[in-house]
Amino acid sequence: MPRPTSDVQAFEAHATDADLDDLRARLAAARLPEAETVYRAGPDPRRWDQGVPLADLIDLVDYWRTGYNWRPFEERLNSIGQFRTTIDGLGIHFLHRRSARTDATPLILTHGWPGSVAEFVDVVDELADPKDADAPAFHVVVPSLPGFGYSDKPATTGWGTEKIAAAWVELMGRLGYSKFLAHGGDWGGNITTVLAGRFPGHVLGIHTTFAEGPPGLPTDGLTADERRWTEETHDFWHHRAAYAKQQATRPQTIGYSLVDSPVGLLAWILDKFAEWSDTEDSPFETISRDRILDDVTLYWLTRTGASAARIYYESHNSLDPDLRVDVPSAITTYPRDIEKYPRPWAQERYRQIVRWTTPKTGGHFPSLEVPDYFIKDLQAGLTAVLAANR
């Protein structure tokens, strides 16, 4: 088994009591707006039409202040194994869980926004050492994107998806993994695509929940369901993506609120967990309050609200339209995800799709919403990818 190079150092997370006390004090002193007005255009208007409802936010802020405990999540990160290394002058944090299996394959999992490594803490163990002896095993690496979590905040421009993908190749090489598999969704899916397209000599294959086809493809010949996907994706970007425009054009401006106000940060992130998950009303129908607060608290303690937002400034609409992926690819499109691309469009970019899956449930955060299905689907997809390499 390869050993980490001397450039990799062990890391442990430990927030000070003073920081946690300050968080609770700020929550207690929060100034909240009046309740949202309700536009009753139909028989059952969604309560979240104007964003996070005041009543829901008050309940969650109270729980964050009086009931939530950060320490178990901190201990979970430490138990998986945390490390840092410096690549191109920037400190990169990552989780690393080696499998006990001798046939395990290296796998890098990349999160997106407003996620973090919290997206994968509940699936790492089963991916590394599955209970089913016939299931594939993986040496699992979960990096924090630059400007996220315990990774450093870039002090200059340039840390877009292309540079991050190159950094992931360097990171995996330092761990002794010259060839590896990759998975990602959201920005992680974009980076996974760049990894596969730019570094096919290192990437054995990929699994992604974000398979963006090249721009400008016609709708001729698409099925009714595929046309509906394109319409829903178009509607999302034209009517529900103000957050992306803000972070792509003025990340510093919104960053002041995200770093100074825990309630502002919570509302900004909770809004996306609510809108993008496969639920009828509240994200807590499928994702626990504690796990969402783990994610938000990680942003708060590391003061990364602004630096994480800048990935949009660096990379919004930057995926090379001519980039093609020739390594084996497994693609899963969840029904309530925010971007869904028909297979005829996806295969214009991903030239060797070995598994295409459209589950009946799940949204933008499948590893949190449907973790058991996510694990089995990822295992099956990467098994197909590995079989295509033989």
# chains A, B, ... in the order shown; residues from 1 in each chain; ligands from 1
call {"tool": "closest_atom_pairs", "arguments": {"of": "range 189-255 of chain A", "to": "range 322-345 of chain A", "cutoff": "6 Å", "atoms": "only C-alpha atoms", "output": "JSON lines"}}
result
{"residue": "A:Ala196", "atom": "CA", "partner": "A:Val325", "partner_atom": "CA", "distance": 5.8}
{"residue": "A:Gly197", "atom": "CA", "partner": "A:Val325", "partner_atom": "CA", "distance": 4.5}
{"residue": "A:Gly205", "atom": "CA", "partner": "A:Pro328", "partner_atom": "CA", "distance": 4.8}
{"residue": "A:Ile206", "atom": "CA", "partner": "A:Ser329", "partner_atom": "CA", "distance": 4.9}
{"residue": "A:His207", "atom": "CA", "partner": "A:Ala330", "partner_atom": "CA", "distance": 4.6}
{"residue": "A:Thr208", "atom": "CA", "partner": "A:Ile331", "partner_atom": "CA", "distance": 5.2}
{"residue": "A:Thr209", "atom": "CA", "partner": "A:Thr332", "partner_atom": "CA", "distance": 5.0}
{"residue": "A:Gly213", "atom": "CA", "partner": "A:Trp345", "partner_atom": "CA", "distance": 5.0}
{"residue": "A:Glu226", "atom": "CA", "partner": "A:Pro342", "partner_atom": "CA", "distance": 5.3}
{"residue": "A:Trp229", "atom": "CA", "partner": "A:Lys340", "partner_atom": "CA", "distance": 5.5}
{"residue": "A:Thr233", "atom": "CA", "partner": "A:Glu339", "partner_atom": "CA", "distance": 5.0}
call {"tool": "write_last_selection", "arguments": {"atoms": "C-alpha atoms", "output": "PDB file, in the first residue's frame"}}
result
ATOM      1  CA  ALA A 196     -11.851  13.047 -16.900  1.00  0.00           C
ATOM      2  CA  GLY A 197     -11.523  15.233 -19.983  1.00  0.00           C
ATOM      3  CA  GLY A 205     -13.522   6.623 -15.105  1.00  0.00           C
ATOM      4  CA  ILE A 206     -16.163   8.713 -13.435  1.00  0.00           C
ATOM      5  CA  HIS A 207     -19.583   8.721 -11.833  1.00  0.00           C
ATOM      6  CA  THR A 208     -21.459  12.003 -11.836  1.00  0.00           C
ATOM      7  CA  THR A 209     -24.880  13.435 -11.065  1.00  0.00           C
ATOM      8  CA  GLY A 213     -23.949  18.461 -22.555  1.00  0.00           C
ATOM      9  CA  GLU A 226     -36.393  14.645 -22.085  1.00  0.00           C
ATOM     10  CA  TRP A 229     -35.975  18.046 -18.397  1.00  0.00           C
ATOM     11  CA  THR A 233     -33.402  23.284 -16.454  1.00  0.00           C
TER      12      THR A 233
END
call {"tool": "select_by_dssp", "arguments": {"residues": "range 64-95 of chain A", "states": "strand (DSSP E)", "output": "PyMOL selection string"}}
result
chain A and resi 82-87+90-95
call {"tool": "closest_residue", "arguments": {"among": "A:Phe94, A:His14, A:Glu119, A:Val370", "to": "Glu285 in chain A", "atoms": "only C-alpha atoms"}}
result
A:Val370
call {"tool": "atom_distance", "arguments": {"atom1": "CA of Arg97 in chain A", "atom2": "CA of Glu314 in chain A"}}
result
29.9 Å
call {"tool": "closest_residue", "arguments": {"among": "A:Ala28, A:Tyr373, A:Thr302, A:Ala274", "to": "Arg47 in chain A", "atoms": "only C-alpha atoms"}}
result
A:Ala274
call {"tool": "residues_around", "arguments": {"residues": "Glu36 in chain A", "least_positions_apart": "5", "cutoff": "8 Å", "atoms": "only C-alpha atoms", "output": "ChimeraX atom specification"}}
result
/A:50,53-54
call {"tool": "atom_distance", "arguments": {"atom1": "CA of Ala165 in chain A", "atom2": "CA of Leu368 in chain A"}}
result
24.0 Å
call {"tool": "residues_around", "arguments": {"residues": "Asp56 in chain A", "least_positions_apart": "5", "cutoff": "12 Å", "atoms": "only C-alpha atoms", "output": "number ranges by chain"}}
result
A: 35-36, 47-48, 51, 61-63, 266-267, 270-271, 274, 281-284, 289
call {"tool": "closest_atom_pairs", "arguments": {"of": "range 314-351 of chain A", "to": "range 148-160 of chain A", "cutoff": "9 Å", "atoms": "only C-alpha atoms", "output": "Markdown table"}}
result
| residue | atom | partner | partner_atom | distance |
| --- | --- | --- | --- | --- |
| A:Glu314 | CA | A:Gly160 | CA | 4.9 |
| A:Ser315 | CA | A:Gly160 | CA | 5.2 |
| A:His316 | CA | A:Gly160 | CA | 9.0 |
| A:Ser318 | CA | A:Gly160 | CA | 8.6 |
call {"tool": "residues_around", "arguments": {"residues": "Glu74 in chain A", "least_positions_apart": "6", "cutoff": "9 Å", "atoms": "only C-alpha atoms", "output": "list of chain:residue names"}}
result
A:Glu12, A:Ala13, A:His14, A:Ala15, A:Asp294
call {"tool": "select_by_dssp", "arguments": {"residues": "range 302-357 of chain A", "states": "helix (DSSP H, G or I)", "output": "list of chain:residue names"}}
result
A:Thr302, A:Gly305, A:Ala306, A:Ser307, A:Ala308, A:Ala309, A:Arg310, A:Ile311, A:Tyr312, A:Tyr313, A:Glu314, A:Ser315, A:Arg343, A:Pro344, A:Trp345, A:Ala346
call {"tool": "write_last_selection", "arguments": {"atoms": "all heavy atoms", "output": "compact mmCIF listing (two decimals), in the first residue's frame"}}
result
# COMPACT_ATOMS: atom_id res chain seq x y z
N THR A 302 -15.21 28.46 9.92
CA THR A 302 -14.05 28.69 9.05
C THR A 302 -14.13 30.02 8.30
O THR A 302 -13.23 30.35 7.53
CB THR A 302 -13.91 27.53 8.04
OG1 THR A 302 -15.13 27.40 7.30
CG2 THR A 302 -13.61 26.22 8.75
N GLY A 305 -17.88 31.87 4.03
CA GLY A 305 -19.03 32.25 3.23
C GLY A 305 -18.67 33.02 1.98
O GLY A 305 -19.20 32.77 0.89
N ALA A 306 -17.73 33.94 2.09
CA ALA A 306 -17.32 34.75 0.94
C ALA A 306 -16.40 33.96 0.01
O ALA A 306 -16.58 33.95 -1.21
CB ALA A 306 -16.62 36.03 1.41
N SER A 307 -15.41 33.30 0.59
CA SER A 307 -14.42 32.59 -0.25
C SER A 307 -15.06 31.43 -1.01
O SER A 307 -14.67 31.14 -2.15
CB SER A 307 -13.26 32.09 0.62
OG SER A 307 -13.72 31.29 1.69
N ALA A 308 -16.04 30.76 -0.41
CA ALA A 308 -16.73 29.68 -1.11
C ALA A 308 -17.59 30.23 -2.24
O ALA A 308 -17.67 29.63 -3.32
CB ALA A 308 -17.59 28.88 -0.13
N ALA A 309 -18.21 31.38 -2.02
CA ALA A 309 -19.04 31.98 -3.06
C ALA A 309 -18.23 32.31 -4.31
O ALA A 309 -18.75 32.33 -5.42
CB ALA A 309 -19.71 33.25 -2.53
N ARG A 310 -16.93 32.54 -4.12
CA ARG A 310 -16.10 32.97 -5.26
C ARG A 310 -15.87 31.88 -6.31
O ARG A 310 -15.39 32.19 -7.40
CB ARG A 310 -14.74 33.48 -4.76
CG ARG A 310 -14.84 34.81 -4.05
CD ARG A 310 -13.48 35.47 -3.85
NE ARG A 310 -13.63 36.55 -2.89
CZ ARG A 310 -13.27 36.49 -1.62
NH1 ARG A 310 -12.68 35.39 -1.16
NH2 ARG A 310 -13.46 37.51 -0.82
N ILE A 311 -16.22 30.64 -6.01
CA ILE A 311 -16.07 29.63 -7.06
C ILE A 311 -16.98 29.97 -8.24
O ILE A 311 -16.68 29.66 -9.40
CB ILE A 311 -16.36 28.20 -6.54
CG1 ILE A 311 -15.89 27.16 -7.55
CG2 ILE A 311 -17.83 28.02 -6.18
CD1 ILE A 311 -15.90 25.74 -7.04
N TYR A 312 -18.09 30.66 -7.98
CA TYR A 312 -18.96 31.12 -9.06
C TYR A 312 -18.28 32.23 -9.86
O TYR A 312 -18.38 32.27 -11.10
CB TYR A 312 -20.30 31.62 -8.49
CG TYR A 312 -21.19 30.50 -8.02
CD1 TYR A 312 -21.00 29.92 -6.77
CD2 TYR A 312 -22.22 30.01 -8.82
CE1 TYR A 312 -21.80 28.88 -6.33
CE2 TYR A 312 -23.03 28.98 -8.39
CZ TYR A 312 -22.82 28.42 -7.15
OH TYR A 312 -23.61 27.39 -6.71
N TYR A 313 -17.61 33.14 -9.18
CA TYR A 313 -16.89 34.21 -9.87
C TYR A 313 -15.79 33.62 -10.76
O TYR A 313 -15.55 34.11 -11.87
CB TYR A 313 -16.29 35.15 -8.82
CG TYR A 313 -15.54 36.33 -9.40
CD1 TYR A 313 -16.22 37.49 -9.77
CD2 TYR A 313 -14.16 36.30 -9.54
CE1 TYR A 313 -15.54 38.58 -10.29
CE2 TYR A 313 -13.47 37.39 -10.05
CZ TYR A 313 -14.16 38.52 -10.43
OH TYR A 313 -13.48 39.59 -10.94
N GLU A 314 -15.13 32.58 -10.27
CA GLU A 314 -14.02 31.98 -11.01
C GLU A 314 -14.49 31.10 -12.16
O GLU A 314 -13.79 31.01 -13.19
CB GLU A 314 -13.16 31.13 -10.06
CG GLU A 314 -12.43 31.93 -8.98
CD GLU A 314 -11.26 32.73 -9.53
OE1 GLU A 314 -10.91 32.56 -10.72
OE2 GLU A 314 -10.70 33.54 -8.77
N SER A 315 -15.64 30.45 -12.02
CA SER A 315 -15.94 29.35 -12.95
C SER A 315 -17.34 29.33 -13.52
O SER A 315 -17.69 28.39 -14.23
CB SER A 315 -15.69 28.02 -12.22
OG SER A 315 -14.34 27.88 -11.87
N ARG A 343 -30.07 12.17 -22.24
CA ARG A 343 -28.93 11.32 -22.62
C ARG A 343 -28.38 11.69 -24.00
O ARG A 343 -27.14 11.73 -24.17
CB ARG A 343 -29.33 9.84 -22.57
CG ARG A 343 -28.18 8.92 -22.94
CD ARG A 343 -28.43 7.49 -22.58
NE ARG A 343 -27.26 6.67 -22.87
CZ ARG A 343 -27.07 5.43 -22.41
NH1 ARG A 343 -28.00 4.88 -21.64
NH2 ARG A 343 -25.98 4.77 -22.72
N PRO A 344 -29.21 11.96 -25.02
CA PRO A 344 -28.64 12.34 -26.32
C PRO A 344 -27.74 13.57 -26.23
O PRO A 344 -26.79 13.69 -27.00
CB PRO A 344 -29.87 12.60 -27.18
CG PRO A 344 -30.95 11.77 -26.57
CD PRO A 344 -30.69 11.83 -25.10
N TRP A 345 -28.05 14.50 -25.31
CA TRP A 345 -27.19 15.66 -25.13
C TRP A 345 -25.93 15.28 -24.37
O TRP A 345 -24.83 15.68 -24.73
CB TRP A 345 -27.94 16.75 -24.38
CG TRP A 345 -28.99 17.45 -25.18
CD1 TRP A 345 -29.50 17.06 -26.40
CD2 TRP A 345 -29.67 18.64 -24.82
NE1 TRP A 345 -30.45 17.94 -26.82
CE2 TRP A 345 -30.58 18.92 -25.88
CE3 TRP A 345 -29.62 19.50 -23.74
CZ2 TRP A 345 -31.43 20.03 -25.85
CZ3 TRP A 345 -30.45 20.62 -23.71
CH2 TRP A 345 -31.35 20.88 -24.75
N ALA A 346 -26.10 14.51 -23.28
CA ALA A 346 -24.96 14.15 -22.46
C ALA A 346 -23.92 13.35 -23.25
O ALA A 346 -22.71 13.56 -23.11
CB ALA A 346 -25.42 13.34 -21.24
call {"tool": "closest_residue", "arguments": {"among": "A:Ile191, A:Leu27, A:Leu109, A:Leu181", "to": "Glu162 in chain A", "atoms": "only C-alpha atoms"}}
result
A:Ile191
call {"tool": "closest_residue", "arguments": {"among": "A:Arg291, A:Arg46, A:Arg240, A:His183", "to": "Gly381 in chain A", "atoms": "only C-alpha atoms"}}
result
A:His183
call {"tool": "atom_distance", "arguments": {"atom1": "CA of Ala211 in chain A", "atom2": "CA of Asp320 in chain A"}}
result
13.2 Å
call {"tool": "residues_around", "arguments": {"residues": "Ala29 in chain A", "least_positions_apart": "5", "cutoff": "12 Å", "atoms": "only C-alpha atoms", "output": "ChimeraX atom specification"}}
result
/A:22-24,61-62,65,261-263
